[in-house]
Amino acid sequence: MAQITAPKGTQDLLPRDSYRWQWIEGMIRNLCAQYGFKEIRTPVFEHTEVFVRGVGETTDVVTKEMYTFEDKGGRSVTLRPEGTAGIVRAFVENGLFNDALPAKLFYLIQCFRYERPQKGRLRQFNQFGIELFGAPDPITDATVISLPYRLFKEVGLKGISLELNSIGCKECRAKYREALIAYFEKDQERLCGTCLERLEKNPMRILDCKSEVCKEVSKDAPLITDFLCEECEAHFKAVQEYLDALDIEYKINPRIVRGLDYYNRTVFEFVSNEIGAQGTVCGGGRYDGMTEQFGGASQSGIGFAMGLERFMLVLEQAGIEAPKPQDCDLFIIPLGESAKKEAVKIASRLLDGGMGAQYDLISRSVKAQMKYADKIGAAATMVLGDSELEQGIARIKRMADGAQEEISLEALNAEWLEEFLR
Ligand code: ATP
Ligand code: MG
């Protein structure tokens, strides 16, 4: 039969690579625990309306990139293109505002976007993100930003920079919107079709367009930072002061508007210049009041999402390797039926004691088994043949230096092996 291939823009994570992901995910989980963020898992698919409300009608994500379909009951559902909307929905629906506030949540999820696949741009990809509800003070913005910053530092990543902006509140943006429309109207025949529509509906989105011409047209566009009201200005300044206190370097980039509609005040991106056009590894911002879009009381909210494939690319680029895990402490090579019985007993004892123990399952030759043990990176091997069984001893070889020791079969346990491998 003909082979079937994976859908375009998807990737298989193979056993030989999964330890890299587990390493990063482990680090993320630890860091979140240190900061007091707890994991939330929401459905992979939601009513389409969740993303229309939570991401915004005029965004690229909603207009072009969603995997939307009708289920057998005739409801429109969508595979989540991002994490925030579903979490805000869950926050309101489950009354999480009744628990201790601020609520600190994190997620590690798969997302789906119908995009043109490129390096660092997939149709199914992984995101790590956090959401923090009920804390409007600028100390929160800086704290949220400090988490990915710390993650990058912990893995030893250098060439990644923080870009910061404030896109103000509704009032600031109303004035800014007028200024943008006035600016873009002069040049509107050069804008792409999508941006022409944006000019009416949401002109700020034009600044986020990836088309070269639109980028060129927006070169001298007015800057949001010149339109901030007094409160937003003060908030922005305070965020910077907290970042200074945290010793976090940043660059103010008044052109960051972010891809989702409901951001207000602080927005930020962590950008790497090492992976080309798909350089934004992590992006986030404040989305005060988004809970209202889901029928809840107004709550302040702030969060970010990090693209894990892009993060892995940056790590690779920087030559940062995950430590290889030691899964197999001892590989037992039994020769013959009675040796196989003894092998399962010994392995059981070692497993009970918390060590990694494996043995041959397909009765290969000693040579083939040795080769296999080497391939899986066994720390030690032991051949169990007739003479070993008769004498009741195990001969164990440490692979790192070839050192060999003998011990009685009964005395071979986890403590002994641990000591031998130390
Ligand atoms: P871009 O401008 O690159 O399209 P975006 O603004 O659409 O990014 P967000 O919605 O902010 O991205 O998602 C947060 C992060 O998720 C991005 O910074 C990126 O690292 C990652 N990401 C977004 N889309 C994809 C994708 N199609 N494939 C892989 N990673 C992605
Ligand atoms: Mg995008």
# chains A, B, ... in the order shown; residues from 1 in each chain; ligands from 1
$ residues_around --residues "region 131-147 of chain A" --least-positions-apart "2" --cutoff "8 Å" --atoms "only C-alpha atoms" --output "PyMOL selection string"
chain A and resi 31+84+97+101-106+129+149-151+235-236+238-240+242-243+246+248+266+285-286+288+299-304
$ closest_atom_pairs --of "chain A" --to "ligand 1" --cutoff "10 Å" --atoms "only C-alpha atoms and all ligand atoms" --output "JSON lines"
{"residue": "A:Gly9", "atom": "CA", "partner": "ligand 1", "partner_atom_place_in_ligand_line": "28 (N)", "distance": 8.5}
{"residue": "A:Thr10", "atom": "CA", "partner": "ligand 1", "partner_atom_place_in_ligand_line": "28 (N)", "distance": 9.5}
{"residue": "A:Val55", "atom": "CA", "partner": "ligand 1", "partner_atom_place_in_ligand_line": "10 (O)", "distance": 9.0}
{"residue": "A:Thr59", "atom": "CA", "partner": "ligand 1", "partner_atom_place_in_ligand_line": "7 (O)", "distance": 9.2}
{"residue": "A:Asp60", "atom": "CA", "partner": "ligand 1", "partner_atom_place_in_ligand_line": "7 (O)", "distance": 7.7}
{"residue": "A:Val61", "atom": "CA", "partner": "ligand 1", "partner_atom_place_in_ligand_line": "7 (O)", "distance": 7.0}
{"residue": "A:Glu65", "atom": "CA", "partner": "ligand 1", "partner_atom_place_in_ligand_line": "27 (N)", "distance": 8.9}
{"residue": "A:Pro81", "atom": "CA", "partner": "ligand 1", "partner_atom_place_in_ligand_line": "10 (O)", "distance": 7.8}
{"residue": "A:Glu82", "atom": "CA", "partner": "ligand 1", "partner_atom_place_in_ligand_line": "10 (O)", "distance": 6.4}
{"residue": "A:Gly83", "atom": "CA", "partner": "ligand 1", "partner_atom_place_in_ligand_line": "13 (O)", "distance": 9.0}
{"residue": "A:Thr84", "atom": "CA", "partner": "ligand 1", "partner_atom_place_in_ligand_line": "10 (O)", "distance": 9.6}
{"residue": "A:Gln110", "atom": "CA", "partner": "ligand 1", "partner_atom_place_in_ligand_line": "29 (C)", "distance": 9.9}
{"residue": "A:Cys111", "atom": "CA", "partner": "ligand 1", "partner_atom_place_in_ligand_line": "25 (C)", "distance": 8.1}
{"residue": "A:Phe112", "atom": "CA", "partner": "ligand 1", "partner_atom_place_in_ligand_line": "27 (N)", "distance": 7.3}
{"residue": "A:Arg113", "atom": "CA", "partner": "ligand 1", "partner_atom_place_in_ligand_line": "27 (N)", "distance": 5.7}
{"residue": "A:Tyr114", "atom": "CA", "partner": "ligand 1", "partner_atom_place_in_ligand_line": "27 (N)", "distance": 7.6}
{"residue": "A:Glu115", "atom": "CA", "partner": "ligand 1", "partner_atom_place_in_ligand_line": "27 (N)", "distance": 6.0}
{"residue": "A:Arg116", "atom": "CA", "partner": "ligand 1", "partner_atom_place_in_ligand_line": "27 (N)", "distance": 8.0}
{"residue": "A:Pro117", "atom": "CA", "partner": "ligand 1", "partner_atom_place_in_ligand_line": "27 (N)", "distance": 7.3}
{"residue": "A:Gln118", "atom": "CA", "partner": "ligand 1", "partner_atom_place_in_ligand_line": "28 (N)", "distance": 8.2}
{"residue": "A:Lys119", "atom": "CA", "partner": "ligand 1", "partner_atom_place_in_ligand_line": "28 (N)", "distance": 8.3}
{"residue": "A:Gly120", "atom": "CA", "partner": "ligand 1", "partner_atom_place_in_ligand_line": "29 (C)", "distance": 5.1}
{"residue": "A:Arg121", "atom": "CA", "partner": "ligand 1", "partner_atom_place_in_ligand_line": "28 (N)", "distance": 3.4}
{"residue": "A:Leu122", "atom": "CA", "partner": "ligand 1", "partner_atom_place_in_ligand_line": "28 (N)", "distance": 3.9}
{"residue": "A:Arg123", "atom": "CA", "partner": "ligand 1", "partner_atom_place_in_ligand_line": "27 (N)", "distance": 5.5}
{"residue": "A:Gln124", "atom": "CA", "partner": "ligand 1", "partner_atom_place_in_ligand_line": "28 (N)", "distance": 6.8}
{"residue": "A:Phe125", "atom": "CA", "partner": "ligand 1", "partner_atom_place_in_ligand_line": "29 (C)", "distance": 5.0}
{"residue": "A:Asn126", "atom": "CA", "partner": "ligand 1", "partner_atom_place_in_ligand_line": "30 (N)", "distance": 6.9}
{"residue": "A:Gln127", "atom": "CA", "partner": "ligand 1", "partner_atom_place_in_ligand_line": "16 (O)", "distance": 6.0}
{"residue": "A:Phe128", "atom": "CA", "partner": "ligand 1", "partner_atom_place_in_ligand_line": "16 (O)", "distance": 8.4}
{"residue": "A:Gly129", "atom": "CA", "partner": "ligand 1", "partner_atom_place_in_ligand_line": "14 (C)", "distance": 8.5}
{"residue": "A:Asp208", "atom": "CA", "partner": "ligand 1", "partner_atom_place_in_ligand_line": "2 (O)", "distance": 7.7}
{"residue": "A:Cys209", "atom": "CA", "partner": "ligand 1", "partner_atom_place_in_ligand_line": "2 (O)", "distance": 8.8}
{"residue": "A:Lys210", "atom": "CA", "partner": "ligand 1", "partner_atom_place_in_ligand_line": "2 (O)", "distance": 8.0}
{"residue": "A:Ile256", "atom": "CA", "partner": "ligand 1", "partner_atom_place_in_ligand_line": "6 (O)", "distance": 9.9}
{"residue": "A:Val257", "atom": "CA", "partner": "ligand 1", "partner_atom_place_in_ligand_line": "6 (O)", "distance": 9.2}
{"residue": "A:Arg258", "atom": "CA", "partner": "ligand 1", "partner_atom_place_in_ligand_line": "6 (O)", "distance": 5.8}
{"residue": "A:Gly259", "atom": "CA", "partner": "ligand 1", "partner_atom_place_in_ligand_line": "6 (O)", "distance": 4.4}
{"residue": "A:Leu260", "atom": "CA", "partner": "ligand 1", "partner_atom_place_in_ligand_line": "10 (O)", "distance": 6.8}
{"residue": "A:Phe268", "atom": "CA", "partner": "ligand 1", "partner_atom_place_in_ligand_line": "11 (O)", "distance": 9.7}
{"residue": "A:Glu269", "atom": "CA", "partner": "ligand 1", "partner_atom_place_in_ligand_line": "18 (O)", "distance": 7.3}
{"residue": "A:Phe270", "atom": "CA", "partner": "ligand 1", "partner_atom_place_in_ligand_line": "18 (O)", "distance": 7.9}
{"residue": "A:Val271", "atom": "CA", "partner": "ligand 1", "partner_atom_place_in_ligand_line": "18 (O)", "distance": 8.3}
{"residue": "A:Ala277", "atom": "CA", "partner": "ligand 1", "partner_atom_place_in_ligand_line": "3 (O)", "distance": 7.7}
{"residue": "A:Gln278", "atom": "CA", "partner": "ligand 1", "partner_atom_place_in_ligand_line": "3 (O)", "distance": 5.3}
{"residue": "A:Gly279", "atom": "CA", "partner": "ligand 1", "partner_atom_place_in_ligand_line": "3 (O)", "distance": 7.1}
{"residue": "A:Thr280", "atom": "CA", "partner": "ligand 1", "partner_atom_place_in_ligand_line": "18 (O)", "distance": 4.5}
{"residue": "A:Val281", "atom": "CA", "partner": "ligand 1", "partner_atom_place_in_ligand_line": "20 (O)", "distance": 3.8}
{"residue": "A:Cys282", "atom": "CA", "partner": "ligand 1", "partner_atom_place_in_ligand_line": "18 (O)", "distance": 4.2}
{"residue": "A:Gly283", "atom": "CA", "partner": "ligand 1", "partner_atom_place_in_ligand_line": "11 (O)", "distance": 4.9}
{"residue": "A:Gly284", "atom": "CA", "partner": "ligand 1", "partner_atom_place_in_ligand_line": "11 (O)", "distance": 6.6}
{"residue": "A:Gly285", "atom": "CA", "partner": "ligand 1", "partner_atom_place_in_ligand_line": "11 (O)", "distance": 9.5}
{"residue": "A:Phe304", "atom": "CA", "partner": "ligand 1", "partner_atom_place_in_ligand_line": "14 (C)", "distance": 7.3}
{"residue": "A:Ala305", "atom": "CA", "partner": "ligand 1", "partner_atom_place_in_ligand_line": "14 (C)", "distance": 4.6}
{"residue": "A:Met306", "atom": "CA", "partner": "ligand 1", "partner_atom_place_in_ligand_line": "15 (C)", "distance": 4.7}
{"residue": "A:Gly307", "atom": "CA", "partner": "ligand 1", "partner_atom_place_in_ligand_line": "20 (O)", "distance": 3.4}
{"residue": "A:Leu308", "atom": "CA", "partner": "ligand 1", "partner_atom_place_in_ligand_line": "20 (O)", "distance": 6.7}
{"residue": "A:Glu309", "atom": "CA", "partner": "ligand 1", "partner_atom_place_in_ligand_line": "29 (C)", "distance": 6.0}
{"residue": "A:Arg310", "atom": "CA", "partner": "ligand 1", "partner_atom_place_in_ligand_line": "20 (O)", "distance": 5.6}
{"residue": "A:Phe311", "atom": "CA", "partner": "ligand 1", "partner_atom_place_in_ligand_line": "20 (O)", "distance": 7.2}
$ atom_distance --atom1 "CA of Lys215 (chain A)" --atom2 "CA of Pro254 (chain A)"
14.3 Å
$ select_by_dssp --residues "region 296-391 of chain A" --states "strand (DSSP E)" --output "PyMOL selection string"
chain A and resi 301-307+330-334+357-359+380-384
$ write_last_selection --atoms "N, CA, C and O atoms" --output "PDB file, in the first residue's frame"
ATOM      1  N   GLY A 301      -5.680  41.418  33.457  1.00  0.00           N
ATOM      2  CA  GLY A 301      -4.985  40.198  33.067  1.00  0.00           C
ATOM      3  C   GLY A 301      -3.706  40.543  32.327  1.00  0.00           C
ATOM      4  O   GLY A 301      -3.584  41.613  31.722  1.00  0.00           O
ATOM      5  N   ILE A 302      -2.737  39.644  32.421  1.00  0.00           N
ATOM      6  CA  ILE A 302      -1.490  39.843  31.684  1.00  0.00           C
ATOM      7  C   ILE A 302      -0.848  38.478  31.456  1.00  0.00           C
ATOM      8  O   ILE A 302      -1.013  37.565  32.278  1.00  0.00           O
ATOM      9  N   GLY A 303      -0.162  38.332  30.339  1.00  0.00           N
ATOM     10  CA  GLY A 303       0.465  37.033  30.071  1.00  0.00           C
ATOM     11  C   GLY A 303       1.398  37.095  28.888  1.00  0.00           C
ATOM     12  O   GLY A 303       1.627  38.161  28.304  1.00  0.00           O
ATOM     13  N   PHE A 304       1.965  35.947  28.570  1.00  0.00           N
ATOM     14  CA  PHE A 304       2.787  35.844  27.359  1.00  0.00           C
ATOM     15  C   PHE A 304       2.674  34.438  26.817  1.00  0.00           C
ATOM     16  O   PHE A 304       2.190  33.526  27.520  1.00  0.00           O
ATOM     17  N   ALA A 305       3.086  34.270  25.566  1.00  0.00           N
ATOM     18  CA  ALA A 305       3.183  32.933  24.989  1.00  0.00           C
ATOM     19  C   ALA A 305       4.532  32.804  24.311  1.00  0.00           C
ATOM     20  O   ALA A 305       5.001  33.734  23.649  1.00  0.00           O
ATOM     21  N   MET A 306       5.148  31.640  24.511  1.00  0.00           N
ATOM     22  CA  MET A 306       6.464  31.389  23.935  1.00  0.00           C
ATOM     23  C   MET A 306       6.346  30.240  22.947  1.00  0.00           C
ATOM     24  O   MET A 306       5.763  29.200  23.263  1.00  0.00           O
ATOM     25  N   GLY A 307       6.855  30.440  21.737  1.00  0.00           N
ATOM     26  CA  GLY A 307       6.847  29.365  20.752  1.00  0.00           C
ATOM     27  C   GLY A 307       8.008  28.419  21.026  1.00  0.00           C
ATOM     28  O   GLY A 307       9.170  28.801  20.937  1.00  0.00           O
ATOM     29  N   LEU A 330      21.870  -0.550  33.900  1.00  0.00           N
ATOM     30  CA  LEU A 330      22.466  -1.868  33.644  1.00  0.00           C
ATOM     31  C   LEU A 330      21.713  -2.589  32.535  1.00  0.00           C
ATOM     32  O   LEU A 330      20.479  -2.678  32.554  1.00  0.00           O
ATOM     33  N   PHE A 331      22.483  -3.098  31.547  1.00  0.00           N
ATOM     34  CA  PHE A 331      21.883  -3.943  30.524  1.00  0.00           C
ATOM     35  C   PHE A 331      22.378  -5.369  30.748  1.00  0.00           C
ATOM     36  O   PHE A 331      23.577  -5.628  30.736  1.00  0.00           O
ATOM     37  N   ILE A 332      21.452  -6.288  30.970  1.00  0.00           N
ATOM     38  CA  ILE A 332      21.809  -7.682  31.269  1.00  0.00           C
ATOM     39  C   ILE A 332      21.740  -8.504  29.981  1.00  0.00           C
ATOM     40  O   ILE A 332      20.761  -8.406  29.233  1.00  0.00           O
ATOM     41  N   ILE A 333      22.790  -9.272  29.756  1.00  0.00           N
ATOM     42  CA  ILE A 333      22.888 -10.076  28.545  1.00  0.00           C
ATOM     43  C   ILE A 333      22.812 -11.560  28.932  1.00  0.00           C
ATOM     44  O   ILE A 333      23.816 -12.185  29.244  1.00  0.00           O
ATOM     45  N   PRO A 334      21.610 -12.107  28.960  1.00  0.00           N
ATOM     46  CA  PRO A 334      21.464 -13.500  29.388  1.00  0.00           C
ATOM     47  C   PRO A 334      21.687 -14.460  28.218  1.00  0.00           C
ATOM     48  O   PRO A 334      21.294 -14.162  27.092  1.00  0.00           O
ATOM     49  N   ALA A 357      16.953  -0.683  34.524  1.00  0.00           N
ATOM     50  CA  ALA A 357      17.509  -1.983  34.160  1.00  0.00           C
ATOM     51  C   ALA A 357      16.764  -2.574  32.969  1.00  0.00           C
ATOM     52  O   ALA A 357      15.539  -2.517  32.915  1.00  0.00           O
ATOM     53  N   GLN A 358      17.517  -3.102  32.018  1.00  0.00           N
ATOM     54  CA  GLN A 358      16.913  -3.732  30.840  1.00  0.00           C
ATOM     55  C   GLN A 358      17.673  -5.022  30.542  1.00  0.00           C
ATOM     56  O   GLN A 358      18.780  -5.232  31.027  1.00  0.00           O
ATOM     57  N   TYR A 359      17.064  -5.852  29.726  1.00  0.00           N
ATOM     58  CA  TYR A 359      17.734  -7.082  29.278  1.00  0.00           C
ATOM     59  C   TYR A 359      17.282  -7.407  27.871  1.00  0.00           C
ATOM     60  O   TYR A 359      16.289  -6.860  27.382  1.00  0.00           O
ATOM     61  N   ALA A 380      26.269   0.288  32.382  1.00  0.00           N
ATOM     62  CA  ALA A 380      26.989  -0.953  32.698  1.00  0.00           C
ATOM     63  C   ALA A 380      26.316  -2.114  31.988  1.00  0.00           C
ATOM     64  O   ALA A 380      25.135  -2.037  31.637  1.00  0.00           O
ATOM     65  N   THR A 381      27.101  -3.171  31.756  1.00  0.00           N
ATOM     66  CA  THR A 381      26.532  -4.380  31.153  1.00  0.00           C
ATOM     67  C   THR A 381      26.962  -5.576  31.986  1.00  0.00           C
ATOM     68  O   THR A 381      27.950  -5.504  32.726  1.00  0.00           O
ATOM     69  N   MET A 382      26.241  -6.645  31.839  1.00  0.00           N
ATOM     70  CA  MET A 382      26.659  -7.878  32.515  1.00  0.00           C
ATOM     71  C   MET A 382      26.215  -9.067  31.676  1.00  0.00           C
ATOM     72  O   MET A 382      25.060  -9.148  31.260  1.00  0.00           O
ATOM     73  N   VAL A 383      27.176  -9.939  31.380  1.00  0.00           N
ATOM     74  CA  VAL A 383      26.855 -11.160  30.645  1.00  0.00           C
ATOM     75  C   VAL A 383      26.518 -12.238  31.665  1.00  0.00           C
ATOM     76  O   VAL A 383      27.239 -12.440  32.640  1.00  0.00           O
ATOM     77  N   LEU A 384      25.400 -12.896  31.451  1.00  0.00           N
ATOM     78  CA  LEU A 384      24.959 -13.933  32.380  1.00  0.00           C
ATOM     79  C   LEU A 384      24.874 -15.254  31.616  1.00  0.00           C
ATOM     80  O   LEU A 384      23.895 -15.518  30.915  1.00  0.00           O
TER      81      LEU A 384
END
$ residues_around --residues "Ser408 (chain A)" --least-positions-apart "4" --cutoff "10 Å" --atoms "only C-alpha atoms" --output "list in words"
Glu388, Leu389, Gln391, Gly392, Ile393, Ala394, Arg395 and Leu412 of chain A
$ closest_residue --among "A:Arg198, A:Leu14, A:Glu46, A:Thr63" --to "ligand 2" --atoms "only C-alpha atoms and all ligand atoms"
A:Thr63
$ residues_around --residues "Gly168 (chain A)" --least-positions-apart "5" --cutoff "10 Å" --atoms "only C-alpha atoms" --output "list in words"
Arg173, Ala174, Tyr176, Ile224, Thr225, Phe227, Leu228, Cys229, Glu230, Glu231, Cys232, Glu233, His235, Phe236, Tyr263, Asn264, Arg265, Thr266 and Val267 of chain A
$ write_last_selection --atoms "N, CA and C atoms" --output "short mmCIF file (atom, residue, chain, number, x, y, z; two decimals), in the first residue's frame"
data_model
loop_
_atom_site.label_atom_id
_atom_site.label_comp_id
_atom_site.auth_asym_id
_atom_site.auth_seq_id
_atom_site.Cartn_x
_atom_site.Cartn_y
_atom_site.Cartn_z
N ARG A 173 -5.84 55.09 22.53
CA ARG A 173 -5.88 54.50 21.18
C ARG A 173 -6.90 55.17 20.28
N ALA A 174 -7.95 55.76 20.86
CA ALA A 174 -8.93 56.47 20.03
C ALA A 174 -8.25 57.63 19.32
N TYR A 176 -4.98 57.93 18.85
CA TYR A 176 -3.93 57.37 17.99
C TYR A 176 -4.54 56.87 16.68
N ILE A 224 2.56 55.31 18.94
CA ILE A 224 1.59 55.25 20.04
C ILE A 224 2.12 55.93 21.30
N THR A 225 3.43 55.83 21.51
CA THR A 225 4.01 56.38 22.74
C THR A 225 3.81 57.90 22.85
N PHE A 227 1.00 59.24 22.24
CA PHE A 227 -0.43 59.45 22.45
C PHE A 227 -0.92 58.91 23.80
N LEU A 228 0.01 58.52 24.66
CA LEU A 228 -0.39 57.92 25.94
C LEU A 228 -0.98 58.97 26.89
N CYS A 229 -2.07 58.59 27.57
CA CYS A 229 -2.65 59.49 28.57
C CYS A 229 -1.76 59.47 29.81
N GLU A 230 -2.07 60.30 30.76
CA GLU A 230 -1.20 60.45 31.93
C GLU A 230 -1.04 59.13 32.71
N GLU A 231 -2.17 58.43 32.91
CA GLU A 231 -2.11 57.18 33.69
C GLU A 231 -1.30 56.12 32.96
N CYS A 232 -1.53 56.01 31.66
CA CYS A 232 -0.81 54.98 30.89
C CYS A 232 0.68 55.30 30.83
N GLU A 233 0.98 56.57 30.70
CA GLU A 233 2.38 57.02 30.70
C GLU A 233 3.05 56.63 32.03
N HIS A 235 2.11 54.32 34.15
CA HIS A 235 2.21 52.86 34.23
C HIS A 235 3.43 52.37 33.46
N PHE A 236 3.58 52.87 32.27
CA PHE A 236 4.70 52.47 31.39
C PHE A 236 6.03 52.79 32.06
N TYR A 263 -4.98 43.49 23.70
CA TYR A 263 -3.91 43.99 24.54
C TYR A 263 -4.15 45.46 24.89
N ASN A 264 -3.70 45.84 26.06
CA ASN A 264 -3.68 47.26 26.42
C ASN A 264 -2.43 47.52 27.27
N ARG A 265 -2.03 48.75 27.30
CA ARG A 265 -0.81 49.14 28.02
C ARG A 265 0.39 48.29 27.61
N THR A 266 0.99 47.57 28.57
CA THR A 266 2.26 46.90 28.29
C THR A 266 2.16 45.81 27.22
N VAL A 267 3.01 45.88 26.20
CA VAL A 267 3.21 44.75 25.28
C VAL A 267 4.72 44.54 25.15
#
$ closest_residue --among "A:Lys170, A:Lys367, A:Lys64, A:Arg80" --to "ligand 2" --atoms "only C-alpha atoms and all ligand atoms"
A:Lys64
$ residues_around --residues "Arg349 (chain A)" --least-positions-apart "4" --cutoff "7 Å" --atoms "only C-alpha atoms" --output "PyMOL selection string"
chain A and resi 345+353+413
$ residues_around --residues "Thr291 (chain A)" --least-positions-apart "2" --cutoff "9 Å" --atoms "only C-alpha atoms" --output "PyMOL selection string"
chain A and resi 54+88-89+91-92+287-289+293-301
$ select_by_dssp --residues "region 220-286 of chain A" --states "helix (DSSP H, G or I)" --output "PDB file with C-alpha atoms, in the first residue's frame"
ATOM      1  CA  ASP A 220       7.017  57.191   9.364  1.00  0.00           C
ATOM      2  CA  ILE A 224       1.589  55.249  20.044  1.00  0.00           C
ATOM      3  CA  THR A 225       4.005  56.380  22.745  1.00  0.00           C
ATOM      4  CA  ASP A 226       3.260  59.995  21.746  1.00  0.00           C
ATOM      5  CA  PHE A 227      -0.429  59.450  22.452  1.00  0.00           C
ATOM      6  CA  GLU A 230      -1.204  60.445  31.931  1.00  0.00           C
ATOM      7  CA  GLU A 231      -2.109  57.179  33.690  1.00  0.00           C
ATOM      8  CA  CYS A 232      -0.814  54.982  30.887  1.00  0.00           C
ATOM      9  CA  GLU A 233       2.376  57.021  30.702  1.00  0.00           C
ATOM     10  CA  ALA A 234       2.885  56.586  34.454  1.00  0.00           C
ATOM     11  CA  HIS A 235       2.208  52.858  34.232  1.00  0.00           C
ATOM     12  CA  PHE A 236       4.697  52.470  31.393  1.00  0.00           C
ATOM     13  CA  LYS A 237       7.337  54.403  33.306  1.00  0.00           C
ATOM     14  CA  ALA A 238       6.809  52.305  36.425  1.00  0.00           C
ATOM     15  CA  VAL A 239       7.150  49.048  34.464  1.00  0.00           C
ATOM     16  CA  GLN A 240      10.513  50.292  33.238  1.00  0.00           C
ATOM     17  CA  GLU A 241      11.596  51.197  36.762  1.00  0.00           C
ATOM     18  CA  TYR A 242      10.748  47.692  37.990  1.00  0.00           C
ATOM     19  CA  LEU A 243      12.640  46.163  35.080  1.00  0.00           C
ATOM     20  CA  ASP A 244      15.610  48.327  36.035  1.00  0.00           C
ATOM     21  CA  ALA A 245      15.286  47.114  39.617  1.00  0.00           C
ATOM     22  CA  GLY A 276      15.780  35.128  10.697  1.00  0.00           C
ATOM     23  CA  ALA A 277      12.259  36.305   9.959  1.00  0.00           C
ATOM     24  CA  GLN A 278      10.673  34.077  12.591  1.00  0.00           C
TER      25      GLN A 278
END
$ closest_residue --among "A:Val62, A:Glu274, A:Thr5, A:Val213" --to "ligand 2" --atoms "only C-alpha atoms and all ligand atoms"
A:Val62
$ residues_around --residues "Asn30 (chain A)" --least-positions-apart "4" --cutoff "12 Å" --atoms "only C-alpha atoms" --output "ChimeraX atom specification"
/A:22-26,34-39,106,147,150-151,154
